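Pasting input.txt here (compact mmCIF, C-alpha atoms):
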# COMPACT_ATOMS: atom_id res chain seq x y z
CA MET G 1 19.92 17.17 30.72
CA ALA G 2 23.27 17.75 32.43
CA ASP G 3 26.77 19.03 31.64
CA VAL G 4 29.24 16.15 31.91
CA PRO G 5 33.07 16.29 31.84
CA LEU G 6 34.45 14.96 28.56
CA ASP G 7 36.88 12.71 30.42
CA ALA G 8 33.98 10.90 32.10
CA LEU G 9 32.57 9.67 28.78
CA ARG G 10 33.46 6.45 26.96
CA VAL G 11 33.52 5.96 23.19
CA ALA G 12 32.76 2.35 22.24
CA ASP G 13 30.35 0.14 20.33
CA SER G 14 29.66 2.65 17.57
CA PRO G 15 27.40 1.48 14.73
CA ARG G 16 29.85 3.12 12.31
CA LEU G 17 32.26 0.43 11.14
CA LEU G 18 34.83 2.97 9.89
CA GLY G 19 34.51 5.35 12.85
CA GLU G 20 33.91 9.08 12.70
CA ARG G 21 34.58 11.31 9.71
CA PRO G 22 37.28 13.92 10.46
CA GLU G 23 35.82 16.45 8.03
CA HIS G 24 32.45 16.34 9.82
CA VAL G 25 34.16 16.80 13.20
CA GLU G 26 36.03 19.85 11.88
CA MET G 27 32.83 21.34 10.47
CA LEU G 28 31.09 21.01 13.85
CA ALA G 29 34.09 22.41 15.70
CA ALA G 30 34.20 25.46 13.43
CA ALA G 31 30.54 26.30 14.00
CA GLN G 32 29.88 29.18 16.41
CA SER G 33 26.69 27.79 17.92
CA PRO G 34 26.68 25.51 20.99
CA LEU G 35 26.79 21.82 20.21
CA PRO G 36 23.46 19.98 20.61
CA PRO G 37 23.28 17.54 23.57
CA ILE G 38 24.62 14.04 23.02
CA VAL G 39 22.91 10.86 24.28
CA VAL G 40 24.79 8.75 26.84
CA HIS G 41 24.10 5.33 28.37
CA ARG G 42 23.89 6.21 32.05
CA ALA G 43 25.00 2.80 33.38
CA THR G 44 28.27 2.74 31.42
CA MET G 45 28.72 6.44 30.49
CA THR G 46 29.14 5.26 26.89
CA VAL G 47 28.14 7.66 24.12
CA ILE G 48 25.10 6.38 22.23
CA ASP G 49 24.62 9.29 19.84
CA GLY G 50 27.00 12.21 19.34
CA TYR G 51 30.46 10.80 18.60
CA HIS G 52 31.20 13.61 16.16
CA ARG G 53 29.97 16.27 18.59
CA LEU G 54 32.14 14.81 21.36
CA ARG G 55 35.22 14.95 19.11
CA ALA G 56 34.31 18.50 18.09
CA ALA G 57 34.00 19.58 21.73
CA ARG G 58 37.50 18.25 22.39
CA LEU G 59 38.80 20.01 19.31
CA ARG G 60 37.29 23.26 20.58
CA GLY G 61 39.10 22.81 23.87
CA GLU G 62 35.90 22.50 25.90
CA SER G 63 35.92 20.50 29.14
CA THR G 64 32.21 19.58 29.38
CA ILE G 65 29.34 18.77 27.03
CA ALA G 66 25.55 18.73 27.37
CA VAL G 67 24.23 15.18 27.85
CA ARG G 68 20.84 13.48 27.79
CA PHE G 69 20.95 10.17 29.65
CA PHE G 70 19.44 6.89 28.50
CA ASP G 71 18.53 4.13 30.96
CA GLY G 72 18.34 0.62 29.59
CA ASP G 73 20.49 -2.39 28.79
CA ARG G 74 23.28 -2.50 26.20
CA ALA G 75 21.06 -4.03 23.51
CA GLU G 76 18.47 -1.28 23.88
CA ALA G 77 21.25 1.32 23.85
CA PHE G 78 22.57 -0.02 20.54
CA VAL G 79 19.08 0.01 19.00
CA LEU G 80 18.69 3.63 20.06
CA ALA G 81 22.12 4.49 18.64
CA VAL G 82 21.17 3.04 15.26
CA ARG G 83 17.74 4.66 15.24
CA LEU G 84 19.15 8.11 16.02
CA ASN G 85 22.01 7.84 13.52
CA VAL G 86 19.59 6.76 10.79
CA THR G 87 17.07 9.54 11.34
CA HIS G 88 19.27 12.61 11.84
CA GLY G 89 22.79 13.98 11.54
CA LEU G 90 25.37 12.21 9.40
CA PRO G 91 23.56 9.11 8.06
CA LEU G 92 24.96 5.62 8.47
CA ALA G 93 26.45 3.96 5.41
CA LEU G 94 24.57 0.99 3.94
CA ALA G 95 27.22 -1.43 5.26
CA ASP G 96 26.76 0.05 8.76
CA ARG G 97 22.99 -0.38 8.57
CA LYS G 98 23.23 -3.99 7.40
CA ARG G 99 25.68 -4.84 10.17
CA ALA G 100 23.38 -3.12 12.66
CA ALA G 101 20.47 -5.22 11.40
CA GLU G 102 22.49 -8.39 12.09
CA ARG G 103 23.10 -7.32 15.68
CA ILE G 104 19.49 -6.31 16.29
CA ILE G 105 18.20 -9.60 14.85
CA ALA G 106 20.55 -11.42 17.23
CA SER G 107 19.51 -9.36 20.29
CA HIS G 108 15.80 -9.06 19.37
CA PRO G 109 14.98 -12.24 17.41
CA GLN G 110 11.27 -11.77 18.10
CA TRP G 111 11.12 -8.47 16.20
CA SER G 112 9.53 -8.55 12.76
CA ASP G 113 11.56 -7.78 9.63
CA ARG G 114 9.58 -4.57 9.17
CA ARG G 115 10.31 -3.41 12.71
CA VAL G 116 14.05 -4.03 12.30
CA ALA G 117 13.91 -2.28 8.92
CA THR G 118 12.34 0.81 10.47
CA VAL G 119 15.19 1.08 12.99
CA THR G 120 18.02 0.43 10.54
CA GLY G 121 16.75 2.25 7.47
CA ILE G 122 16.91 -0.72 5.09
CA SER G 123 14.08 -2.61 3.39
CA PRO G 124 12.17 -5.43 5.14
CA GLY G 125 13.22 -7.76 2.31
CA THR G 126 16.89 -7.05 3.01
CA VAL G 127 16.31 -7.70 6.72
CA GLY G 128 14.67 -11.02 5.82
CA GLU G 129 17.68 -12.04 3.74
CA ILE G 130 20.04 -11.07 6.57
CA ARG G 131 17.95 -13.13 9.01
CA LYS G 132 18.09 -16.20 6.75
CA SER G 133 21.86 -15.93 6.33
CA THR G 134 22.70 -15.32 9.99
CA VAL G 135 20.09 -17.27 12.00
CA ARG G 136 20.11 -21.08 12.02
CA ASP G 137 16.33 -21.37 12.47
CA PRO G 138 14.64 -18.07 11.51
CA ASP G 139 11.20 -19.43 12.48
CA ALA G 140 12.21 -20.65 15.94
CA THR G 141 10.39 -17.83 17.74
CA GLY G 142 7.02 -18.91 16.28
CA GLY G 143 5.86 -15.30 16.08
CA ARG G 144 7.15 -11.79 15.56
CA ILE G 145 6.44 -8.48 17.29
CA GLY G 146 5.51 -5.80 14.77
CA GLN G 147 5.88 -2.03 14.86
CA ASP G 148 2.48 -1.73 16.55
CA GLY G 149 3.57 -3.96 19.46
CA ARG G 150 1.34 -6.88 18.44
CA VAL G 151 2.60 -10.44 18.20
CA ARG G 152 1.82 -12.14 14.89
CA PRO G 153 2.37 -15.85 14.26
CA LEU G 154 4.74 -16.85 11.46
CA ASP G 155 2.40 -19.69 10.58
CA GLY G 156 -1.33 -18.95 10.59
CA SER G 157 -2.32 -22.60 10.02
CA ALA G 158 -3.38 -23.15 13.63
CA GLY G 159 -5.66 -20.12 13.54
CA ARG G 160 -7.24 -21.25 10.27
CA LEU G 161 -7.96 -24.73 11.59
CA LEU G 162 -9.41 -23.34 14.80
CA ALA G 163 -11.56 -20.90 12.82
CA GLY G 164 -12.83 -23.81 10.74
CA GLU G 165 -13.90 -25.68 13.86
CA LEU G 166 -15.68 -22.60 15.22
CA LEU G 167 -17.56 -21.94 11.97
CA ALA G 168 -18.53 -25.57 11.58
CA ALA G 169 -19.96 -25.63 15.11
CA ASN G 170 -21.68 -22.24 14.86
CA PRO G 171 -22.12 -20.85 11.31
CA GLY G 172 -23.82 -17.73 12.65
CA LEU G 173 -20.66 -16.29 14.17
CA SER G 174 -19.46 -13.03 12.65
CA LEU G 175 -16.09 -12.88 10.94
CA ARG G 176 -14.86 -10.50 13.61
CA GLN G 177 -15.85 -12.91 16.39
CA VAL G 178 -14.13 -15.81 14.66
CA GLY G 179 -11.02 -13.76 13.97
CA ARG G 180 -10.75 -12.56 17.56
CA ALA G 181 -11.16 -16.07 18.99
CA ALA G 182 -8.79 -17.75 16.52
CA GLY G 183 -6.16 -14.99 16.44
CA ILE G 184 -6.55 -14.24 12.73
CA SER G 185 -7.83 -11.27 10.74
CA PRO G 186 -11.49 -11.02 9.69
CA GLU G 187 -10.36 -11.34 6.06
CA THR G 188 -8.58 -14.60 6.84
CA ALA G 189 -11.71 -15.75 8.65
CA ARG G 190 -13.70 -14.92 5.50
CA ASP G 191 -11.32 -17.04 3.41
CA VAL G 192 -11.69 -19.92 5.87
CA ARG G 193 -15.49 -19.65 5.69
CA ASN G 194 -15.42 -19.69 1.88
CA ARG G 195 -13.10 -22.70 1.83
CA LEU G 196 -15.30 -24.51 4.34
CA ARG G 197 -18.34 -23.80 2.16
CA ASP G 198 -16.58 -24.97 -1.03
CA GLY G 199 -15.15 -28.11 0.55
CA LEU G 200 -11.53 -26.96 0.15
CA GLU G 201 -8.67 -27.48 2.57
CA LEU G 202 -8.65 -24.72 5.16
CA VAL G 203 -4.86 -24.24 4.98
CA PRO G 204 -3.51 -23.47 1.50
CA GLN G 205 -0.59 -25.69 0.57
CA GLN G 206 1.89 -22.81 0.33
CA ARG G 207 1.12 -21.72 3.89
CA ARG G 208 1.96 -25.03 5.55
CA ARG G 209 5.16 -25.16 7.55
CA LYS G 210 5.07 -27.46 10.56
CA PRO G 211 2.00 -29.74 10.65
CA ALA G 212 2.95 -31.25 14.01
CA ALA G 213 3.22 -27.84 15.64
CA VAL G 214 -0.10 -26.78 14.11
CA ALA G 215 -1.88 -29.83 15.45
CA ALA G 216 -0.40 -29.29 18.90
CA ALA G 217 -1.49 -25.65 18.92
CA VAL G 218 -5.08 -26.49 17.99
CA SER G 219 -5.40 -29.30 20.51
CA SER G 220 -3.71 -27.44 23.37
CA PRO G 221 -5.76 -26.58 26.50
CA GLY G 222 -4.94 -22.88 25.95
CA ALA G 223 -6.72 -22.93 22.61
CA ALA G 224 -9.82 -24.42 24.17
CA VAL G 225 -9.84 -21.78 26.86
CA ALA G 226 -9.51 -19.05 24.24
CA VAL G 227 -12.55 -20.46 22.40
CA THR G 228 -14.81 -20.92 25.39
CA SER G 229 -13.94 -17.67 27.14
CA GLY G 230 -13.41 -15.41 24.12
CA ALA G 231 -15.79 -13.94 21.58
CA VAL G 232 -17.52 -17.21 20.62
CA GLY G 233 -20.09 -17.53 23.34
CA ARG G 234 -21.37 -14.68 25.50
CA ARG G 235 -19.26 -11.63 24.89
CA ALA G 236 -16.32 -11.73 27.25
CA LYS G 237 -15.20 -8.79 29.31
CA PRO G 238 -12.83 -6.85 27.07
CA ALA G 239 -9.33 -6.05 28.15
CA GLY G 240 -8.12 -2.52 28.71
CA PRO G 241 -6.48 -0.29 26.09
CA GLY G 242 -3.38 -1.83 24.61
CA HIS G 243 -4.16 -5.34 25.84
CA PRO G 244 -3.27 -7.97 23.21
CA GLN G 245 -6.68 -9.65 23.40
CA ARG G 246 -8.30 -6.46 22.24
CA TYR G 247 -5.83 -5.00 19.77
CA GLY G 248 -3.47 -7.87 18.99
CA ARG G 249 -3.37 -11.54 18.06
CA GLY G 250 -2.43 -14.34 20.42
CA ARG G 251 -0.42 -13.76 23.54
CA GLN G 252 1.98 -10.90 23.77
CA GLU G 253 5.28 -11.55 25.54
CA ALA G 254 6.72 -8.05 25.29
CA GLY G 255 5.32 -4.73 26.37
CA PRO G 256 3.27 -2.89 23.75
CA ASP G 257 4.54 0.08 21.81
CA HIS G 258 2.25 2.74 23.30
CA ALA G 259 2.82 5.26 20.51
CA ALA G 260 1.94 2.68 17.84
CA LEU G 261 -1.22 1.63 19.69
CA VAL G 262 -2.37 5.24 20.05
CA THR G 263 -1.68 5.76 16.35
CA ARG G 264 -3.96 2.81 15.57
CA LEU G 265 -6.67 4.28 17.77
CA LYS G 266 -6.38 7.60 15.92
CA ALA G 267 -7.38 5.78 12.73
CA ASP G 268 -10.63 4.55 14.29
CA PRO G 269 -13.54 6.64 12.90
CA ALA G 270 -15.54 6.09 16.09
CA LEU G 271 -12.91 8.10 17.96
CA ARG G 272 -11.73 10.49 15.24
CA PHE G 273 -15.17 11.88 14.39
CA SER G 274 -16.51 12.60 17.86
CA GLU G 275 -15.50 15.38 20.23
CA THR G 276 -15.16 13.05 23.22
CA GLY G 277 -13.17 10.59 21.10
CA ARG G 278 -10.71 13.27 20.02
CA HIS G 279 -10.40 14.43 23.62
CA LEU G 280 -9.57 10.87 24.70
CA LEU G 281 -6.96 10.53 21.95
CA ARG G 282 -5.29 13.75 23.09
CA LEU G 283 -5.13 12.45 26.67
CA LEU G 284 -3.66 9.11 25.56
CA ALA G 285 -1.10 10.84 23.33
CA LEU G 286 0.33 12.58 26.39
CA HIS G 287 1.55 9.20 27.68
CA THR G 288 3.45 8.12 24.55
CA LEU G 289 6.71 9.82 25.48
CA ARG G 290 9.83 7.67 25.36
CA LYS G 291 11.48 6.65 28.63
CA GLU G 292 14.38 9.05 28.15
CA GLU G 293 11.88 11.89 27.66
CA TRP G 294 10.17 11.00 30.94
CA ASP G 295 13.60 10.86 32.59
CA GLU G 296 14.38 14.37 31.35
CA ILE G 297 11.07 15.70 32.70
CA ILE G 298 11.70 14.03 36.07
CA SER G 299 15.23 15.41 36.33
CA ASN G 300 13.99 18.94 35.62
CA VAL G 301 11.13 19.10 38.15
CA PRO G 302 12.07 21.91 40.58
CA PRO G 303 12.68 20.50 44.09
CA HIS G 304 10.17 22.88 45.68
CA CYS G 305 7.44 21.50 43.35
CA SER G 306 8.27 17.79 43.61
CA ASP G 307 5.80 16.96 46.40
CA ILE G 308 2.90 18.66 44.62
CA VAL G 309 3.76 17.07 41.26
CA ALA G 310 4.14 13.62 42.85
CA ASP G 311 0.77 13.95 44.61
CA LEU G 312 -0.94 15.03 41.38
CA ALA G 313 0.67 12.10 39.53
CA ARG G 314 -0.73 9.66 42.10
CA GLN G 315 -4.20 11.22 41.84
CA PHE G 316 -4.11 11.06 38.03
CA ALA G 317 -2.98 7.43 38.21
CA ASP G 318 -5.97 6.65 40.43
CA LEU G 319 -8.27 8.39 37.95
CA TRP G 320 -6.89 6.33 35.04
CA SER G 321 -7.30 3.12 37.06
CA GLU G 322 -10.93 3.97 37.80
CA PHE G 323 -11.40 4.90 34.14
CA ALA G 324 -10.07 1.49 33.00
CA VAL G 325 -12.38 -0.37 35.38
CA ARG G 326 -15.46 1.64 34.43
CA ILE G 327 -15.09 1.36 30.65
CA THR G 328 -14.54 -2.41 30.78
CA ASP G 329 -17.47 -2.88 33.15
CA ASP G 330 -19.75 -0.71 30.98
CA VAL G 331 -18.84 -2.61 27.80
CA ALA G 332 -19.36 -5.95 29.54
CA GLN G 333 -22.86 -4.86 30.65
CA ILE G 334 -23.71 -3.77 27.10
CA GLY G 335 -22.50 -7.13 25.76
Show me, as structure tokens, the structure contained in the file I just sent.
Amino acid sequence: MADVPLDALRVADSPRLLGERPEHVEMLAAAQSPLPPIVVHRATMTVIDGYHRLRAARLRGESTIAVRFFDGDRAEAFVLAVRLNVTHGLPLALADRKRAAERIIASHPQWSDRRVATVTGISPGTVGEIRKSTVRDPDATGGRIGQDGRVRPLDGSAGRLLAGELLAANPGLSLRQVGRAAGISPETARDVRNRLRDGLELVPQQRRRKPAAVAAAVSSPGAAVAVTSGAVGRRAKPAGPGHPQRYGRGRQEAGPDHAALVTRLKADPALRFSETGRHLLRLLALHTLRKEEWDEIISNVPPHCSDIVADLARQFADLWSEFAVRITDDVAQIG
């Protein structure tokens, strides 16, 4: 956090279509307490969150204001601006949130409706309607990244057909093995097994979208590799924590949401109900801070401690690397 001259800050690209509310600015200016820090995009010195506080500081006659910096591109800065204005302070109007959803869909087309809805504070159904009305081909991405950081296909037909082939070739496979290899849930694998047993089509009529694309996905070399090297034959060496092969479906193009993945792990009884499991969860939770929070910690490390802290960070990184290697090797030996 730093004190920045008011004249150095830019006001632009606000998610509020009608701008700031004068009455709210006056209320903040009249308050006796110091104004909370505002969030600023470091690269452009544009205010992300805190337009009203900035106006209030000027009204008070102050020359500087406390600032927390955000590092990222303009699209990420806008997402953060919307998220912060939805969750605290003066809430965004519904029209502002819908317009924000349009922009986020355009800048992050791979995000799921539910993920966009969480940021903008509107329902997933409303986001879906906005996507249909603003995007020429809403299904062009082929998959969507959810709140947990996993990529999910829009059309599960390819996974169903692949699961059918696996079950036909080896009926003894568990539903979890089939689901992991085909990129579908165990429940979907169960439905495929029942349909295979009853002589029904593996893909329900209402789920079919693009037959040509489905056929290409099933016959692709990547699918064959996933079958032969995944959970079908001898148990493959699992990936590390957060890897899409272990906690997601298909291939993941974007980095995982660490906080969401740790939240999923916290729901696992094998970890929740053991002392060592809870200890591991506490350690992992320490690394779920947002980038701007890490930046604040880094900027506030006293200079006389920086060498010691940096050396400890390197040692801890080495310990985590050894930890990742050992747990994957141990699981592979058990398998």
Q: Up to 6 Å from (-16.2, -13.6, 5.4) in the file's coordinates: name the residues, counting only C-alpha atoms, as a count of residues only.
A: 3
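If you count all atoms listed in the file and ignore residues fewer than 4 places along the chain from Ser63 (chain G), what sits within 9 Å of it is Val4, Pro5, Leu6, Asp7, Ala57 and Arg58 of chain G.
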Q | Using all atoms listed in the file: which of G:Leu200, G:Leu54, G:Ala270, G:Ala100 has the shortest distance to Glu20 (chain G) | A | G:Leu54
Within 8 Å of region 8-17 of chain G: each region 65-85 of chain G residue with its shortest pair, all atoms listed in the file, as CSV:
residue,atom,partner,partner_atom,distance
G:Phe78,CA,G:Pro15,CA,7.7
G:Ala81,CA,G:Pro15,CA,7.2
G:Val82,CA,G:Pro15,CA,6.4
Q. Between G:His287, G:Arg21, G:Arg282, G:Arg55, which one has atoms that come closest to Ala93 (chain G), using only C-alpha atoms?
A. G:Arg21
Give the centre and edge lengths of an axis-aligned box, in Å to one decimal, that holds all listed atoms of region 268-279 of chain G with 4 Å on each side, as lines of an AutoDock Vina configuration file.
center_x = -13.5
center_y = 10.0
center_z = 18.3
size_x = 14.1
size_y = 18.8
size_z = 18.7
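Restricting the calculation to all atoms listed in the file, the smallest distance between Ile48 (chain G) and any of G:Ala77, G:Ala29, G:Val262, G:Ala95 is found for G:Ala77.
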Q | Neighbour list for Val309 (chain G) as a PyMOL selection string, cut-off 12 Å, all atoms listed in the file, skip fewer than 6 positions in-chain | A | chain G and resi 297-298+300-303+315-316
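Between CA of Ala260 (chain G) and CA of Thr288 (chain G) the separation is 8.8 Å.
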Q | CA of Tyr51 (chain G) to CA of Gly19 (chain G), straight-line distance in Å | A | 8.9 Å
